[in-house]
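Each remark here refers to the structure printed beneath this line.
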Amino acid sequence: MSEPVPTHPMISPHSERAEGTQMPPRGGAPAWDGPPPPEYLGSAPQGSVWDLPGKVSVRWRLTLAYSGMFFVAAAVVVMSLYTIAGSTVDTEWPNLNLRGVAPIEATIAEAQWRAVQTQTRQNIQEAMLRSSIMALVGVGIFAIIIGYFVADRALRPVSKMTATARKLSDGNLSHQRIALQGPDDELKEMADTFDDMLTRLNVAFDTQRRFVANASHELRTPLTINRTVLEIALGDPGASEDLKALGRTLLEVNARNEKLIEGLLLLARSERELAVRKPLDIKDVARTAVEQVTPFAEEHGVTVTTELSPAGTVGDPVLLERCVSNLLENAVKYNLPDNGKVWIRTGMADGALVVQVANTGQHVPAYEVNSLFEPFRRLHADRVDSAKGSGLGLSIVRAVVQAHGGNVAAVPRDGGGLVVTIRLPGR
């Protein structure tokens, strides 16, 4: 199978290529459909002043509370000093000695003296008020700055717990903990409780995975024995045609059960933390997957068109190869009965490694897309119409991608079929 050179590294699989191959229409989604992996999502600044018109963070609410209380206390002190200053002037103001002065002149002198007292009190209070207001503004700004740093320090353990919670997945529960250091206060108690909960969750996940793996291994042995017995019976020249027909039917059922067990084992393995991490090029992985699926596609009359560009990452090559193979197998299985088409491309977009697989097929409602990634789920059915597969293909894809720190998304394609996009961190 040839690999046509792309006319542009960002060409969409929905566009028409130069050699005349009709690519699927876009269906309203942008090039490289799907959201970026978590590592490439920008985080909004926490507690910045530009957030105040919209959503006020806890850090800023605490800052405003601290600075507000500090400002009110300072304002109370200023008003108290204002009142005390006026009272002090009135109390300490000396009296005139008017002995021997005529009554009329004494009255005039007393009035003038009291006027001077009043004017002096007003001048002192006004000067103090002006200075106090300037000092109050400075104190208010200082209180906001101090309040912000106090709130930031108080919320630092909460920020650490939030960051740890964002990093958590069922693959790193065994070693990811908050392990908060500091005084034995309410925040440390909450962090320790959260760590205990993570330990219990890790035990539950690990128990579930071990059960699936052990059960799958135990079921493999009788299925292998059954297959051997059936193959011996079919090879017996003395067996009747009815017996052979029954044997072939049972052999098909047995093969399907073996495939289901293999899928469960792979799902249990891909949900664990990666044991193998190697530098690899997704172009080579995709080419190997295409070579494996090509006979299956030819058997179903499906044409596979490739557009493979280099893109490096670090991960488990076997799991990633199985992941891409599952996407291609699903694209072939759930395709048109005649002249079906599958497109696969790889490359880099926005700093992320991208693998995209599109196919023709029946119309897929948008509300059904997300459920297809659940185990044993199929379009319009749950463990029904199972002749095409076990319903684990896309579940394994999602588990492998998440184990590699990426994500997978699917959108319906105009005219029928799906466009499935995998994004992984680039190397």
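Letters for chains follow the order of the structure tokens (A, B, ...), residue numbers begin at 1 for each chain, and ligand numbers begin at 1 in the order shown.
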- DSSP on the backbone, then: every residue of region 44-158 of chain A marked alpha helix (DSSP H), written as a PyMOL selection string. chain A and resi 58-92+103-158
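The two atoms in question, CA of Thr421 (chain A) and CA of Asn407 (chain A), are spaced 8.5 Å apart.
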Surrounding residues of Arg121 (chain A) excluding itself and chain neighbours under 3 positions, 7 Å, only C-alpha atoms, as a PDB file with N, CA, C and O atoms, in the first residue's frame:
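File selection-v7.pdb, as written:
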ATOM      1  N   GLY A  86      -9.761  67.147  69.553  1.00  0.00           N
ATOM      2  CA  GLY A  86     -10.657  68.276  69.867  1.00  0.00           C
ATOM      3  C   GLY A  86     -10.941  68.376  71.349  1.00  0.00           C
ATOM      4  O   GLY A  86     -10.968  69.480  71.929  1.00  0.00           O
ATOM      5  N   VAL A  89      -7.888  69.864  73.194  1.00  0.00           N
ATOM      6  CA  VAL A  89      -7.771  71.325  73.042  1.00  0.00           C
ATOM      7  C   VAL A  89      -8.738  72.037  73.970  1.00  0.00           C
ATOM      8  O   VAL A  89      -8.394  73.034  74.647  1.00  0.00           O
ATOM      9  N   GLN A 117      -9.902  79.783  70.599  1.00  0.00           N
ATOM     10  CA  GLN A 117      -9.907  78.365  71.007  1.00  0.00           C
ATOM     11  C   GLN A 117     -10.604  77.500  69.968  1.00  0.00           C
ATOM     12  O   GLN A 117     -10.103  76.442  69.571  1.00  0.00           O
ATOM     13  N   THR A 118     -11.766  77.957  69.519  1.00  0.00           N
ATOM     14  CA  THR A 118     -12.530  77.185  68.524  1.00  0.00           C
ATOM     15  C   THR A 118     -11.758  77.061  67.219  1.00  0.00           C
ATOM     16  O   THR A 118     -11.701  75.990  66.595  1.00  0.00           O
ATOM     17  N   ILE A 124      -6.426  72.243  64.192  1.00  0.00           N
ATOM     18  CA  ILE A 124      -5.732  71.018  64.581  1.00  0.00           C
ATOM     19  C   ILE A 124      -6.459  69.785  64.031  1.00  0.00           C
ATOM     20  O   ILE A 124      -5.843  68.860  63.487  1.00  0.00           O
ATOM     21  N   GLN A 125      -7.791  69.772  64.154  1.00  0.00           N
ATOM     22  CA  GLN A 125      -8.567  68.606  63.694  1.00  0.00           C
ATOM     23  C   GLN A 125      -8.509  68.458  62.169  1.00  0.00           C
ATOM     24  O   GLN A 125      -8.398  67.342  61.650  1.00  0.00           O
TER      25      GLN A 125
END
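Compared by their closest atoms to Lys259 (chain A), and using only C-alpha atoms, the residues A:Trp60, A:Thr224, A:Asp184, A:Lys278 rank with A:Thr224 nearest.
Reported to one decimal place, the separation of CA of Glu262 (chain A) from CA of Ser216 (chain A) is 7.6 Å.
Excluding region 225-231 of chain A and any residue on its chain fewer than 6 positions from it, the residues at most 9 Å away by only C-alpha atoms are Gly247, Arg248, Leu250, Leu251, Asn254 and Ala255 of chain A.
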Give me a file of those residues, with N, CA and C atoms, as a short mmCIF file (atom, residue, chain, number, x, y, z; two decimals), in the first residue's frame.
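Result written to out22.cif:
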data_model
loop_
_atom_site.label_atom_id
_atom_site.label_comp_id
_atom_site.auth_asym_id
_atom_site.auth_seq_id
_atom_site.Cartn_x
_atom_site.Cartn_y
_atom_site.Cartn_z
N GLY A 247 -19.01 -28.65 14.57
CA GLY A 247 -17.66 -28.37 15.06
C GLY A 247 -17.18 -27.01 14.59
N ARG A 248 -17.45 -26.68 13.31
CA ARG A 248 -17.03 -25.36 12.81
C ARG A 248 -17.75 -24.24 13.53
N LEU A 250 -18.96 -24.35 16.62
CA LEU A 250 -18.40 -24.26 17.97
C LEU A 250 -17.01 -23.65 17.96
N LEU A 251 -16.26 -23.94 16.90
CA LEU A 251 -14.91 -23.38 16.80
C LEU A 251 -14.97 -21.86 16.63
N ASN A 254 -15.81 -20.48 19.99
CA ASN A 254 -14.63 -20.56 20.86
C ASN A 254 -13.61 -19.47 20.50
N ALA A 255 -13.42 -19.24 19.19
CA ALA A 255 -12.47 -18.21 18.76
C ALA A 255 -12.93 -16.83 19.22
#
- Message: When you look at region 63-77 of chain A with a cut-off of 6 Å (counting only C-alpha atoms), what residues show up, excluding the ones that are within fewer than 3 positions of it in the same chain? I need them as number ranges by chain.
- Response: A: 60, 80, 140, 143-144, 147-148
